[in-house]
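> Below are the structure tokens for one structure; questions will follow.
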Amino acid sequence: MSFRQVQESRRLVDVIAVAAAVLASIALIQYATANSTVTLAYAGGLTVFGFVAFTAGRARARTEQTVVQDMPDWSVTVTAIERADLAVAITDRANRLVCANAAFELWFGSSNGPPRLPVDGTSAEKLTRLARAAWRDGKGDEAVTIADEDGSWTAEAVRAGQGDEYLVWRFAPVTRSNPLVGVGAHITGLFGRVLGAAGIAVALVSPDGMVKAANPALARRALGDERASLAGQEFVGLLRSDDRERIYFAREGRKGSPQTLVQVPLADPDAAASEAVPGKAAAEAPSLMLLIDSGIGLGGWSGESKGQAAQLESLIERLPLGLATTNRDGKFLFANPAFRRAAGIATPDLPPFPSDLVVPRDKTAMSDAVRRYGQGPASSGDIAVRLRGDPDEPVSMGLAGVRGLGEAAVLLSLADTTEEARLKRQVAQATKMQAVGQLAGGVAHDFNNVLTAIIGYCDLMLLRHTPGDSDYDDIQQIKANSNRAASLTRQLLAFSRQQTLQPEVLQLPDVLSEVSHLLKRLLGAKINLTVRHDRNLGPVRADPRQLEQVIINLAVNARDAIQSHGGGEGASGTLMFVTRRVEAKDIRRMGSEIIPAGDYTVLLAEDTGGGIPPEVLTKIFEPFFTTKEQGKGTGLGLSTVYGIIKQSGGFIFASNAKSPDGKVKGARFTIYLPVHEVTEEEQAKAVIEERAREWSGGGTILLVEDEDMVRAVAERALARQGYTVVTASDGDEGLDIVKSGKHEFDLVVSDVVMPTMDGPAMAREIRKLAPQLPVLFMSGYAEGQLRDEIDIEAMHFIAKPFSVRQIADKVAEVLAGTRKRG
């Protein structure tokens, strides 16, 4: 009996049972009431109720049957889409996963339905666009590729269902074919036999050096039986090498022919080009090992081919790196132009051995190194040697043992370090000049304090003596020597660029005119002085006295060079000073990396003294460097010139002047000073200086100086001018005096460098109590440097050493300017 017949039988039994119950209930009503009318009414009601219930039940049954018929049978669908190589999923319009096969759940899980899958961001966007296109057009435009960390797939989507309310998704895994998989089969098959017929033994070797497959030719040469299997054997165990690094089959011994070994890594070139570690892909990939008899001329495979050596020389001839080759005996075979330049080889012919290029002390080490790399195993290294052309600068010579390149056994490499050596010398010179400059500046600062006291006391003593007194001349001599010592300290500070300049806006021709009469006396009658000026020269801002010192130093050096070149003091020659105007476009045309573009006034000094030797040219501005005899030069002249020009914002260059025939005739110094434009601030300062001359004196001054001698001189100098002077020995004491409020000061005169609290720190604290109180700093350092470091409003400056007259005038200038502003 079928399932349907069983169901109908069960329904018939249920109907009979209900009918029996109804008849029993009617009989019970008749018996209880004994009234036929009531019984008939009851029976009619049950009949109506039963009919209604029967009708409702039939309708419900039909509805349930319709619903069951409308619901898709997903179990059948799952069975239909079940595939191991393809993931299939079905989603509704809300992107809910309603059905998926096992492959989909394995690859993507069942928690999310497409397009929301655990893939990367780009893939998620592709799935979203694919779903949108499928809902709109019924099918995606084309399959898209998606990926996660473990794999990649192609995805397709199609709209389906009676009401097009579902999307059917298909995901196929992307598999990449490996063309190298069948290499082993080709080697042992027909391809390997073809190579063997051409005299090439070939093996597929794993990264750990084990043979995976070999052609019959290799099996015959290595084991004597071409049908033998070499799989699992170590490849290098099949070969041996002699003392000349030639390769033979181990089975054949010395009776066999030498082999040329060619290794071909089976790595993807595209992967090798993009890998983070160069060579990693090749190292982890299997390799084809090809063994060819060296005597067989197989398309240039012969290791002793002279044509190969010629190709090698042609290649390295064009390389910018210096390369050379030697044979096993250490004799030169070839050197490219870059090697010749780096090694200082000026002749067309090479020296016999590389050891001929180095100093005698390094010859033995060089010869041993070349012999070791030429006769030992193939390797590489380097050795530090000193070349004959530049014995002071060691260079690194690279050596590499090469094999299979004909007679070449050692490859030498040498970089051209001429420019690098020049830069090193420049850096060393700059470092040395900076260190000596710091030392000179510190010594000059302390020396200036001593000179300030000496000059000050001389001025005070001269006030009590008149010309003709017995002590007057002695005091004048002391002061003159002190001023001479002060000039020496200015030279030290000029070299270290820490001197105090008093710049003015001036014209270079005016400065040359002022010192021309002095220059003629310095040069003598035999040396001709020529001065030429360009038109429309721009003004420059510099200290005229320091520019005069620059011109005098250049003239003295030119005179000494002319006399030395001409044979003595009676030698004749010419010194020429030329001024020129150089515009910004000219600087740009020069392409200088040192001089910034702008307008310059150039001073050119050129003599006929024979020029500057090349070895001296790079050291000419160094401190204490001199080519003069002992006792005739301090070595500070040109270093002072260099410091003055640099501190003035200019540039100075030394070179040799040449005659029309190309010969060096003398030295040339070129000085670039920037053209200055007068600012409104400078005009206002000139007005203040004019007002200072009208000052009549008077006022209370706080004098702070840690040097007792300097403080005593300054106090007496200011007291003689009618000022009330209160002194302090350091910054702490000066600040306490101001805080006490006992005095109302008009000016603070203070040293800069003092123990505990220095001058600037004290001035800042005083300004908190008296914001408008002017400060006059005394120091031996440069004013510009101090202003940059201190940066205090209403700050003034006087340089050490100063005379009694100078400090009195400076204080009057400051007070006059302050009172006028007030």
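Ligands are numbered from 1 in the order shown, residues from 1 within each chain, and chains are lettered A, B, ... in the order they appear in the structure tokens.
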When DSSP works through the backbone of this structure, what residues of range 83-251 of chain A end up as helix (DSSP H, G or I), shown as a PyMOL selection string?

chain A and resi 102-108+121-137+183-188+190-197+216-223+236-238

> Apply DSSP to the structure's backbone, then extract all residues of range 90-230 of chain A labelled strand (DSSP E) and return them as a PyMOL selection string.

chain A and resi 90-92+97-100+144-147+152-160+166-173+200-205+211-214

> Using the selection just defined, write its residues with N, CA and C atoms as an mmCIF file, in the first residue's frame.


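File out_34.cif, as written:
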```cif
data_model
loop_
_atom_site.group_PDB
_atom_site.id
_atom_site.type_symbol
_atom_site.label_atom_id
_atom_site.label_comp_id
_atom_site.auth_asym_id
_atom_site.auth_seq_id
_atom_site.Cartn_x
_atom_site.Cartn_y
_atom_site.Cartn_z
ATOM 1 N N ILE A 90 23.262 30.639 -3.882
ATOM 2 C CA ILE A 90 22.051 31.333 -4.327
ATOM 3 C C ILE A 90 21.669 32.326 -3.250
ATOM 4 N N THR A 91 21.439 33.595 -3.649
ATOM 5 C CA THR A 91 21.055 34.644 -2.715
ATOM 6 C C THR A 91 19.760 35.283 -3.185
ATOM 7 N N ASP A 92 18.998 35.854 -2.195
ATOM 8 C CA ASP A 92 17.764 36.553 -2.545
ATOM 9 C C ASP A 92 18.063 38.038 -2.734
ATOM 10 N N LEU A 97 21.981 34.474 1.989
ATOM 11 C CA LEU A 97 22.362 33.183 1.428
ATOM 12 C C LEU A 97 21.255 32.178 1.706
ATOM 13 N N VAL A 98 20.590 31.671 0.648
ATOM 14 C CA VAL A 98 19.494 30.714 0.816
ATOM 15 C C VAL A 98 19.914 29.302 0.452
ATOM 16 N N CYS A 99 21.010 29.170 -0.296
ATOM 17 C CA CYS A 99 21.451 27.839 -0.681
ATOM 18 C C CYS A 99 22.892 27.918 -1.136
ATOM 19 N N ALA A 100 23.703 26.915 -0.817
ATOM 20 C CA ALA A 100 25.101 26.871 -1.240
ATOM 21 C C ALA A 100 25.582 25.441 -1.205
ATOM 22 N N VAL A 144 34.608 38.232 -13.020
ATOM 23 C CA VAL A 144 35.609 39.034 -12.326
ATOM 24 C C VAL A 144 36.491 38.101 -11.512
ATOM 25 N N THR A 145 37.695 38.551 -11.242
ATOM 26 C CA THR A 145 38.651 37.768 -10.449
ATOM 27 C C THR A 145 38.730 38.366 -9.052
ATOM 28 N N ILE A 146 38.550 37.538 -8.022
ATOM 29 C CA ILE A 146 38.632 37.967 -6.626
ATOM 30 C C ILE A 146 39.689 37.143 -5.937
ATOM 31 N N ALA A 147 40.146 37.612 -4.786
ATOM 32 C CA ALA A 147 41.226 36.910 -4.083
ATOM 33 C C ALA A 147 41.180 37.242 -2.612
ATOM 34 N N SER A 152 42.638 32.611 -5.201
ATOM 35 C CA SER A 152 41.897 33.529 -6.052
ATOM 36 C C SER A 152 40.900 32.721 -6.872
ATOM 37 N N TRP A 153 39.797 33.410 -7.278
ATOM 38 C CA TRP A 153 38.714 32.751 -8.001
ATOM 39 C C TRP A 153 38.166 33.712 -9.061
ATOM 40 N N THR A 154 37.485 33.120 -10.070
ATOM 41 C CA THR A 154 36.681 33.909 -11.002
ATOM 42 C C THR A 154 35.226 33.782 -10.583
ATOM 43 N N ALA A 155 34.506 34.889 -10.581
ATOM 44 C CA ALA A 155 33.129 34.913 -10.085
ATOM 45 C C ALA A 155 32.176 35.336 -11.200
ATOM 46 N N GLU A 156 31.016 34.666 -11.262
ATOM 47 C CA GLU A 156 29.946 35.006 -12.195
ATOM 48 C C GLU A 156 28.639 35.068 -11.422
ATOM 49 N N ALA A 157 27.669 35.861 -11.887
ATOM 50 C CA ALA A 157 26.366 35.974 -11.243
ATOM 51 C C ALA A 157 25.285 36.046 -12.326
ATOM 52 N N VAL A 158 24.165 35.269 -12.105
ATOM 53 C CA VAL A 158 23.043 35.232 -13.053
ATOM 54 C C VAL A 158 21.748 35.337 -12.257
ATOM 55 N N ARG A 159 20.826 36.157 -12.738
ATOM 56 C CA ARG A 159 19.515 36.283 -12.093
ATOM 57 C C ARG A 159 18.649 35.099 -12.500
ATOM 58 N N ALA A 160 17.855 34.536 -11.530
ATOM 59 C CA ALA A 160 17.049 33.346 -11.801
ATOM 60 C C ALA A 160 15.809 33.368 -10.931
ATOM 61 N N TYR A 166 16.148 35.725 -7.359
ATOM 62 C CA TYR A 166 17.355 35.079 -6.846
ATOM 63 C C TYR A 166 18.538 35.369 -7.781
ATOM 64 N N LEU A 167 19.736 35.348 -7.195
ATOM 65 C CA LEU A 167 20.984 35.389 -7.962
ATOM 66 C C LEU A 167 21.721 34.080 -7.753
ATOM 67 N N VAL A 168 22.166 33.484 -8.846
ATOM 68 C CA VAL A 168 22.967 32.265 -8.779
ATOM 69 C C VAL A 168 24.432 32.659 -9.011
ATOM 70 N N TRP A 169 25.285 32.381 -8.029
ATOM 71 C CA TRP A 169 26.709 32.739 -8.070
ATOM 72 C C TRP A 169 27.544 31.493 -8.329
ATOM 73 N N ARG A 170 28.560 31.643 -9.164
ATOM 74 C CA ARG A 170 29.493 30.546 -9.453
ATOM 75 C C ARG A 170 30.923 31.064 -9.256
ATOM 76 N N PHE A 171 31.709 30.319 -8.501
ATOM 77 C CA PHE A 171 33.101 30.698 -8.196
ATOM 78 C C PHE A 171 34.007 29.548 -8.620
ATOM 79 N N ALA A 172 34.898 29.819 -9.564
ATOM 80 C CA ALA A 172 35.841 28.799 -10.050
ATOM 81 C C ALA A 172 37.247 29.184 -9.606
ATOM 82 N N PRO A 173 37.984 28.257 -9.006
ATOM 83 C CA PRO A 173 39.351 28.593 -8.571
ATOM 84 C C PRO A 173 40.265 28.856 -9.755
ATOM 85 N N ILE A 200 76.081 17.685 -25.273
ATOM 86 C CA ILE A 200 75.729 18.425 -24.062
ATOM 87 C C ILE A 200 75.114 17.459 -23.064
ATOM 88 N N ALA A 201 75.742 17.317 -21.918
ATOM 89 C CA ALA A 201 75.185 16.542 -20.817
ATOM 90 C C ALA A 201 74.412 17.502 -19.912
ATOM 91 N N VAL A 202 73.175 17.127 -19.573
ATOM 92 C CA VAL A 202 72.320 18.044 -18.840
ATOM 93 C C VAL A 202 71.664 17.308 -17.683
ATOM 94 N N ALA A 203 71.482 18.052 -16.563
ATOM 95 C CA ALA A 203 70.819 17.500 -15.379
ATOM 96 C C ALA A 203 69.919 18.566 -14.780
ATOM 97 N N LEU A 204 68.808 18.106 -14.202
ATOM 98 C CA LEU A 204 67.936 18.973 -13.415
ATOM 99 C C LEU A 204 68.310 18.790 -11.963
ATOM 100 N N VAL A 205 68.795 19.874 -11.310
ATOM 101 C CA VAL A 205 69.342 19.800 -9.961
ATOM 102 C C VAL A 205 68.481 20.646 -9.041
ATOM 103 N N VAL A 211 70.469 15.633 -7.751
ATOM 104 C CA VAL A 211 70.005 15.426 -9.118
ATOM 105 C C VAL A 211 68.574 14.890 -9.089
ATOM 106 N N LYS A 212 67.688 15.550 -9.849
ATOM 107 C CA LYS A 212 66.304 15.089 -9.958
ATOM 108 C C LYS A 212 66.072 14.343 -11.275
ATOM 109 N N ALA A 213 66.774 14.703 -12.320
ATOM 110 C CA ALA A 213 66.676 14.017 -13.612
ATOM 111 C C ALA A 213 67.932 14.314 -14.411
ATOM 112 N N ALA A 214 68.328 13.404 -15.297
ATOM 113 C CA ALA A 214 69.525 13.585 -16.120
ATOM 114 C C ALA A 214 69.305 12.909 -17.460
#
```

> Rounded to one decimal in Å, what is the spacing between CA of Val752 in chain A and CA of Pro503 in chain A?

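We find that CA of Val752 in chain A and CA of Pro503 in chain A lie 21.8 Å from each other.
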
> I'd like the neighbourhood of Glu514 in chain A as a list in words, where a residue qualifies if any of its atoms comes within 12 Å (using only C-alpha atoms), though same-chain residues fewer than 6 positions away should be ignored.

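Once the nearby chain positions are removed, what remains is Gln507, Leu508, Lys520, Pro544, Arg545, Leu547, Glu548, Gln549, Ile551 and Ile552 of chain A.
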
> Limited to N, CA and C atoms, could you put the picked residues into a file as a short mmCIF file (atom, residue, chain, number, x, y, z; two decimals), in the first residue's frame?


```
data_model
loop_
_atom_site.label_atom_id
_atom_site.label_comp_id
_atom_site.auth_asym_id
_atom_site.auth_seq_id
_atom_site.Cartn_x
_atom_site.Cartn_y
_atom_site.Cartn_z
N GLN A 507 82.11 102.82 -1.85
CA GLN A 507 82.48 102.42 -3.20
C GLN A 507 83.91 101.88 -3.18
N LEU A 508 84.13 100.75 -3.83
CA LEU A 508 85.47 100.17 -3.86
C LEU A 508 86.52 101.11 -4.45
N LYS A 520 102.00 102.25 -3.25
CA LYS A 520 103.17 102.60 -4.05
C LYS A 520 104.44 102.54 -3.22
N PRO A 544 85.60 99.87 5.98
CA PRO A 544 86.65 100.39 5.08
C PRO A 544 88.06 100.07 5.57
N ARG A 545 88.28 100.11 6.89
CA ARG A 545 89.61 99.82 7.40
C ARG A 545 89.99 98.36 7.15
N LEU A 547 88.76 96.51 4.67
CA LEU A 547 89.00 96.38 3.23
C LEU A 547 90.39 96.89 2.86
N GLU A 548 90.81 97.96 3.52
CA GLU A 548 92.17 98.45 3.28
C GLU A 548 93.19 97.39 3.68
N GLN A 549 92.92 96.69 4.80
CA GLN A 549 93.84 95.63 5.23
C GLN A 549 93.87 94.50 4.19
N ILE A 551 93.38 94.80 0.93
CA ILE A 551 94.13 95.28 -0.24
C ILE A 551 95.63 95.30 0.06
N ILE A 552 95.99 95.74 1.25
CA ILE A 552 97.41 95.81 1.61
C ILE A 552 98.02 94.42 1.68
#
```

> How many Å lie between CA of Leu261 in chain A and CA of Leu239 in chain A, rounded to one decimal?

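These two atoms are separated by 10.5 Å.
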
> Of the candidates A:Ile383, A:Ala542, A:Met754, A:Ala103, which shows the shortest atom-to-atom distance to Leu673 in chain A, using only C-alpha atoms?

A:Ala542

> Between A:Thr530, A:Ser564, A:Thr452, A:Ser367, which residue has the minimum interatomic distance to Ala605 in chain A, considering only C-alpha atoms?

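Nearest to Ala605 in chain A: A:Thr530.
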